[in-house]
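What follows is the content of model28.cif, which has mmCIF, C-alpha atoms:
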data_target
loop_
_atom_site.label_atom_id
_atom_site.label_comp_id
_atom_site.auth_asym_id
_atom_site.auth_seq_id
_atom_site.Cartn_x
_atom_site.Cartn_y
_atom_site.Cartn_z
CA MET A 1 7.46 -10.07 -0.65
CA HIS A 2 5.49 -12.52 -2.78
CA LYS A 3 2.27 -11.92 -0.86
CA SER A 4 2.82 -8.17 -0.87
CA PHE A 5 3.32 -8.12 -4.63
CA VAL A 6 0.21 -10.22 -5.24
CA GLN A 7 -1.72 -7.90 -2.93
CA ALA A 8 -0.44 -4.83 -4.80
CA ILE A 9 -1.43 -6.39 -8.14
CA ASP A 10 -4.91 -7.24 -6.82
CA LEU A 11 -5.36 -3.70 -5.54
CA ALA A 12 -4.21 -2.24 -8.85
CA LEU A 13 -6.63 -4.44 -10.78
CA ALA A 14 -9.41 -3.31 -8.42
CA GLY A 15 -8.63 0.33 -9.22
CA GLN A 16 -7.00 1.05 -5.88
CA TRP A 17 -3.85 2.62 -7.30
CA ASP A 18 -2.80 4.49 -4.15
CA ALA A 19 -2.98 1.42 -1.91
CA ALA A 20 -1.01 -0.64 -4.45
CA HIS A 21 1.56 2.14 -4.73
CA GLU A 22 2.04 2.25 -0.96
CA ILE A 23 2.95 -1.44 -0.98
CA VAL A 24 5.43 -1.49 -3.87
CA GLN A 25 7.29 1.63 -2.86
CA GLN A 26 8.46 -0.23 0.25
CA TYR A 27 10.62 -2.55 -1.90
CA GLU A 28 13.71 -1.96 -4.02
CA ASP A 29 13.87 -5.06 -6.23
CA THR A 30 13.12 -5.34 -9.94
CA THR A 31 9.66 -6.87 -9.48
CA ALA A 32 8.58 -3.97 -7.28
CA ALA A 33 9.97 -1.52 -9.83
CA TRP A 34 8.06 -3.29 -12.62
CA ILE A 35 4.78 -3.14 -10.70
CA HIS A 36 5.58 0.48 -9.86
CA ALA A 37 6.02 1.20 -13.59
CA VAL A 38 2.62 -0.28 -14.41
CA LEU A 39 0.97 1.70 -11.61
CA HIS A 40 2.30 4.95 -13.01
CA LYS A 41 1.13 3.88 -16.47
CA LEU A 42 -2.36 3.33 -15.03
CA GLU A 43 -2.16 6.73 -13.38
CA GLY A 44 -1.29 8.31 -16.72
CA ASP A 45 2.17 9.50 -15.67
CA GLN A 46 4.14 8.23 -18.67
CA ASP A 47 7.47 9.86 -17.73
CA ASN A 48 7.47 8.37 -14.24
CA SER A 49 6.33 5.05 -15.66
CA ARG A 50 9.23 5.02 -18.13
CA TYR A 51 11.66 5.76 -15.27
CA TRP A 52 10.40 2.72 -13.32
CA TYR A 53 10.51 0.50 -16.41
CA ARG A 54 14.16 1.43 -16.81
CA ARG A 55 14.86 0.61 -13.15
CA ALA A 56 13.16 -2.74 -13.58
CA GLY A 57 15.01 -3.48 -16.82
CA LYS A 58 11.62 -3.97 -18.49
CA LEU A 59 11.39 -1.00 -20.86
CA GLU A 60 10.21 -3.35 -23.62
CA HIS A 61 6.89 -3.60 -21.72
CA PHE A 62 6.23 0.15 -21.78
CA SER A 63 3.51 -0.14 -24.43
CA ASP A 64 1.89 -3.29 -23.01
CA GLU A 65 -1.74 -3.21 -21.88
CA PRO A 66 -1.58 -2.70 -18.09
CA LYS A 67 -4.06 -5.37 -16.93
CA ALA A 68 -2.48 -8.06 -19.10
CA GLU A 69 0.93 -6.94 -17.91
CA LEU A 70 -0.11 -7.20 -14.26
CA ALA A 71 -1.34 -10.74 -14.97
CA GLU A 72 2.09 -11.54 -16.45
CA ILE A 73 3.84 -10.13 -13.39
CA ARG A 74 1.56 -12.21 -11.15
CA ARG A 75 2.60 -15.35 -13.06
CA GLU A 76 6.28 -14.48 -12.65
CA VAL A 77 5.83 -13.79 -8.93
CA ALA A 78 4.15 -17.19 -8.53
CA ILE A 79 7.10 -18.89 -10.25
CA GLN A 80 9.57 -17.11 -7.95
CA ALA A 81 7.67 -18.12 -4.80
#
What is this structure when it is put down as structure tokens?
Amino acid sequence: MHKSFVQAIDLALAGQWDAAHEIVQQYEDTTAAWIHAVLHKLEGDQDNSRYWYRRAGKLEHFSDEPKAELAEIRREVAIQA
């Protein structure tokens, strides 16, 4: 999962939202849900983004800047590896 999440984050940062989305929707854990939330924020779908933040237990990050948030998730993924 670690490599998949890093790949999804890299794709999202490169503007490849759809490819990143395809990766994270394969997983059911909280990290995947958090990445999923950020992807929907980038897409501009605030309602769907809020749903995924709730699933991830990360609603406090809803107003965070997406690129900085993805960098934070990357750091957390690295710690978990």
Min atom-atom distance to A:Leu13 from the set A:Leu70, A:Arg55, A:Tyr27, A:Glu43, counting all atoms listed in the file, belongs to A:Leu70
Looking at A:Arg54, A:Arg75, A:Ala68, A:Val6, which one is nearest to A:Thr30, with distances taken over only C-alpha atoms?
A:Arg54
Applied to this file, what does the PyMOL selection byres ((chain A and resi 61-63) around 10) return in terms of residues, put as a list in words?
Trp34, Ala37, Val38, Lys41, Gln46, Ser49, Arg50, Trp52, Tyr53, Arg54, Gly57, Lys58, Leu59, Glu60, Asp64, Glu65, Pro66 and Glu69 of chain A
Would you save the residues from that selection as a tab-separated table (two decimals), keeping the file's coordinate frame, using C-alpha atoms?
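Full text of out08.tsv as output:
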chain	number	residue	atom	x	y	z
A	34	TRP	CA	8.06	-3.29	-12.62
A	37	ALA	CA	6.02	1.20	-13.59
A	38	VAL	CA	2.62	-0.28	-14.41
A	41	LYS	CA	1.13	3.88	-16.47
A	46	GLN	CA	4.14	8.23	-18.67
A	49	SER	CA	6.33	5.05	-15.66
A	50	ARG	CA	9.23	5.02	-18.13
A	52	TRP	CA	10.40	2.72	-13.32
A	53	TYR	CA	10.51	0.50	-16.41
A	54	ARG	CA	14.16	1.43	-16.81
A	57	GLY	CA	15.01	-3.48	-16.82
A	58	LYS	CA	11.62	-3.97	-18.49
A	59	LEU	CA	11.39	-1.00	-20.86
A	60	GLU	CA	10.21	-3.35	-23.62
A	64	ASP	CA	1.89	-3.29	-23.01
A	65	GLU	CA	-1.74	-3.21	-21.88
A	66	PRO	CA	-1.58	-2.70	-18.09
A	69	GLU	CA	0.93	-6.94	-17.91
Could you please determine the separation between atom CA of A:Ala56 and atom CA of A:Leu11 in Å, to one decimal place?
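About the pair atom CA of A:Ala56 and atom CA of A:Leu11: they are 20.2 Å apart.
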Hey, which of A:Gln26, A:Gln16, A:Gln7, A:Thr31 ends up closest to A:Glu76? Count all atoms listed in the file.
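Among the listed residues, the smallest separation from A:Glu76 belongs to A:Thr31.
Atom CA of A:His2 sits 25.7 Å away from atom CA of A:Asp45.
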Could you check how far atom CA of A:Leu39 sits from atom CA of A:Gln25, in Å to one decimal?
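Spanning atom CA of A:Leu39 to atom CA of A:Gln25 is a straight-line distance of 10.8 Å.
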Could you list, as a list of chain:residue names, every residue matched by the PyMOL selection byres ((chain A and resi 8) around 8) in this structure?
A:Ser4, A:Phe5, A:Val6, A:Gln7, A:Ile9, A:Asp10, A:Leu11, A:Ala12, A:Ala19, A:Ala20, A:His21, A:Ile23, A:Val24
Output the selection as an mmCIF file, in the frame of the given file - C-alpha atoms for each residue.
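Final output, again.cif:
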data_model
loop_
_atom_site.group_PDB
_atom_site.id
_atom_site.type_symbol
_atom_site.label_atom_id
_atom_site.label_comp_id
_atom_site.auth_asym_id
_atom_site.auth_seq_id
_atom_site.Cartn_x
_atom_site.Cartn_y
_atom_site.Cartn_z
ATOM 1 C CA SER A 4 2.820 -8.170 -0.870
ATOM 2 C CA PHE A 5 3.320 -8.120 -4.630
ATOM 3 C CA VAL A 6 0.210 -10.220 -5.240
ATOM 4 C CA GLN A 7 -1.720 -7.900 -2.930
ATOM 5 C CA ILE A 9 -1.430 -6.390 -8.140
ATOM 6 C CA ASP A 10 -4.910 -7.240 -6.820
ATOM 7 C CA LEU A 11 -5.360 -3.700 -5.540
ATOM 8 C CA ALA A 12 -4.210 -2.240 -8.850
ATOM 9 C CA ALA A 19 -2.980 1.420 -1.910
ATOM 10 C CA ALA A 20 -1.010 -0.640 -4.450
ATOM 11 C CA HIS A 21 1.560 2.140 -4.730
ATOM 12 C CA ILE A 23 2.950 -1.440 -0.980
ATOM 13 C CA VAL A 24 5.430 -1.490 -3.870
#
Rank nothing, just name the residue among A:Arg74, A:Lys3, A:His36, A:Lys67 nearest to A:Asp18, using only C-alpha atoms.
A:His36
Because the input lacks atoms here, generate N, CA, C and O atoms for stretch 15-27 of chain A and report them as a PDB file, in the frame of the given file.
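This went into result15.pdb:
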ATOM      1  N   GLY A  15      -8.562  -1.130  -9.092  1.00  0.00           N
ATOM      2  CA  GLY A  15      -8.630   0.330  -9.220  1.00  0.00           C
ATOM      3  C   GLY A  15      -8.144   1.091  -8.007  1.00  0.00           C
ATOM      4  O   GLY A  15      -8.347   2.296  -7.904  1.00  0.00           O
ATOM      5  N   GLN A  16      -7.492   0.409  -7.100  1.00  0.00           N
ATOM      6  CA  GLN A  16      -7.000   1.050  -5.880  1.00  0.00           C
ATOM      7  C   GLN A  16      -5.499   1.355  -6.029  1.00  0.00           C
ATOM      8  O   GLN A  16      -4.652   0.787  -5.360  1.00  0.00           O
ATOM      9  N   TRP A  17      -5.216   2.276  -6.947  1.00  0.00           N
ATOM     10  CA  TRP A  17      -3.850   2.620  -7.300  1.00  0.00           C
ATOM     11  C   TRP A  17      -3.028   3.069  -6.102  1.00  0.00           C
ATOM     12  O   TRP A  17      -1.895   2.621  -5.919  1.00  0.00           O
ATOM     13  N   ASP A  18      -3.562   3.958  -5.294  1.00  0.00           N
ATOM     14  CA  ASP A  18      -2.800   4.490  -4.150  1.00  0.00           C
ATOM     15  C   ASP A  18      -2.384   3.404  -3.173  1.00  0.00           C
ATOM     16  O   ASP A  18      -1.247   3.383  -2.707  1.00  0.00           O
ATOM     17  N   ALA A  19      -3.294   2.509  -2.850  1.00  0.00           N
ATOM     18  CA  ALA A  19      -2.980   1.420  -1.910  1.00  0.00           C
ATOM     19  C   ALA A  19      -1.908   0.503  -2.499  1.00  0.00           C
ATOM     20  O   ALA A  19      -0.986   0.074  -1.795  1.00  0.00           O
ATOM     21  N   ALA A  20      -2.012   0.194  -3.788  1.00  0.00           N
ATOM     22  CA  ALA A  20      -1.010  -0.640  -4.450  1.00  0.00           C
ATOM     23  C   ALA A  20       0.342   0.055  -4.454  1.00  0.00           C
ATOM     24  O   ALA A  20       1.381  -0.564  -4.198  1.00  0.00           O
ATOM     25  N   HIS A  21       0.333   1.344  -4.698  1.00  0.00           N
ATOM     26  CA  HIS A  21       1.560   2.140  -4.730  1.00  0.00           C
ATOM     27  C   HIS A  21       2.253   2.141  -3.373  1.00  0.00           C
ATOM     28  O   HIS A  21       3.481   2.021  -3.289  1.00  0.00           O
ATOM     29  N   GLU A  22       1.473   2.266  -2.313  1.00  0.00           N
ATOM     30  CA  GLU A  22       2.040   2.250  -0.960  1.00  0.00           C
ATOM     31  C   GLU A  22       2.799   0.953  -0.689  1.00  0.00           C
ATOM     32  O   GLU A  22       3.838   0.957  -0.025  1.00  0.00           O
ATOM     33  N   ILE A  23       2.293  -0.144  -1.198  1.00  0.00           N
ATOM     34  CA  ILE A  23       2.950  -1.440  -0.980  1.00  0.00           C
ATOM     35  C   ILE A  23       4.266  -1.510  -1.751  1.00  0.00           C
ATOM     36  O   ILE A  23       5.310  -1.802  -1.178  1.00  0.00           O
ATOM     37  N   VAL A  24       4.223  -1.264  -3.063  1.00  0.00           N
ATOM     38  CA  VAL A  24       5.430  -1.490  -3.870  1.00  0.00           C
ATOM     39  C   VAL A  24       6.544  -0.513  -3.583  1.00  0.00           C
ATOM     40  O   VAL A  24       7.716  -0.857  -3.740  1.00  0.00           O
ATOM     41  N   GLN A  25       6.215   0.670  -3.115  1.00  0.00           N
ATOM     42  CA  GLN A  25       7.290   1.630  -2.860  1.00  0.00           C
ATOM     43  C   GLN A  25       8.107   1.270  -1.620  1.00  0.00           C
ATOM     44  O   GLN A  25       9.151   1.873  -1.371  1.00  0.00           O
ATOM     45  N   GLN A  26       7.683   0.249  -0.905  1.00  0.00           N
ATOM     46  CA  GLN A  26       8.460  -0.230   0.250  1.00  0.00           C
ATOM     47  C   GLN A  26       9.611  -1.131  -0.165  1.00  0.00           C
ATOM     48  O   GLN A  26      10.468  -1.445   0.653  1.00  0.00           O
ATOM     49  N   TYR A  27       9.638  -1.573  -1.430  1.00  0.00           N
ATOM     50  CA  TYR A  27      10.620  -2.550  -1.900  1.00  0.00           C
ATOM     51  C   TYR A  27      11.515  -1.942  -2.972  1.00  0.00           C
ATOM     52  O   TYR A  27      11.113  -1.035  -3.678  1.00  0.00           O
TER      53      TYR A  27
END
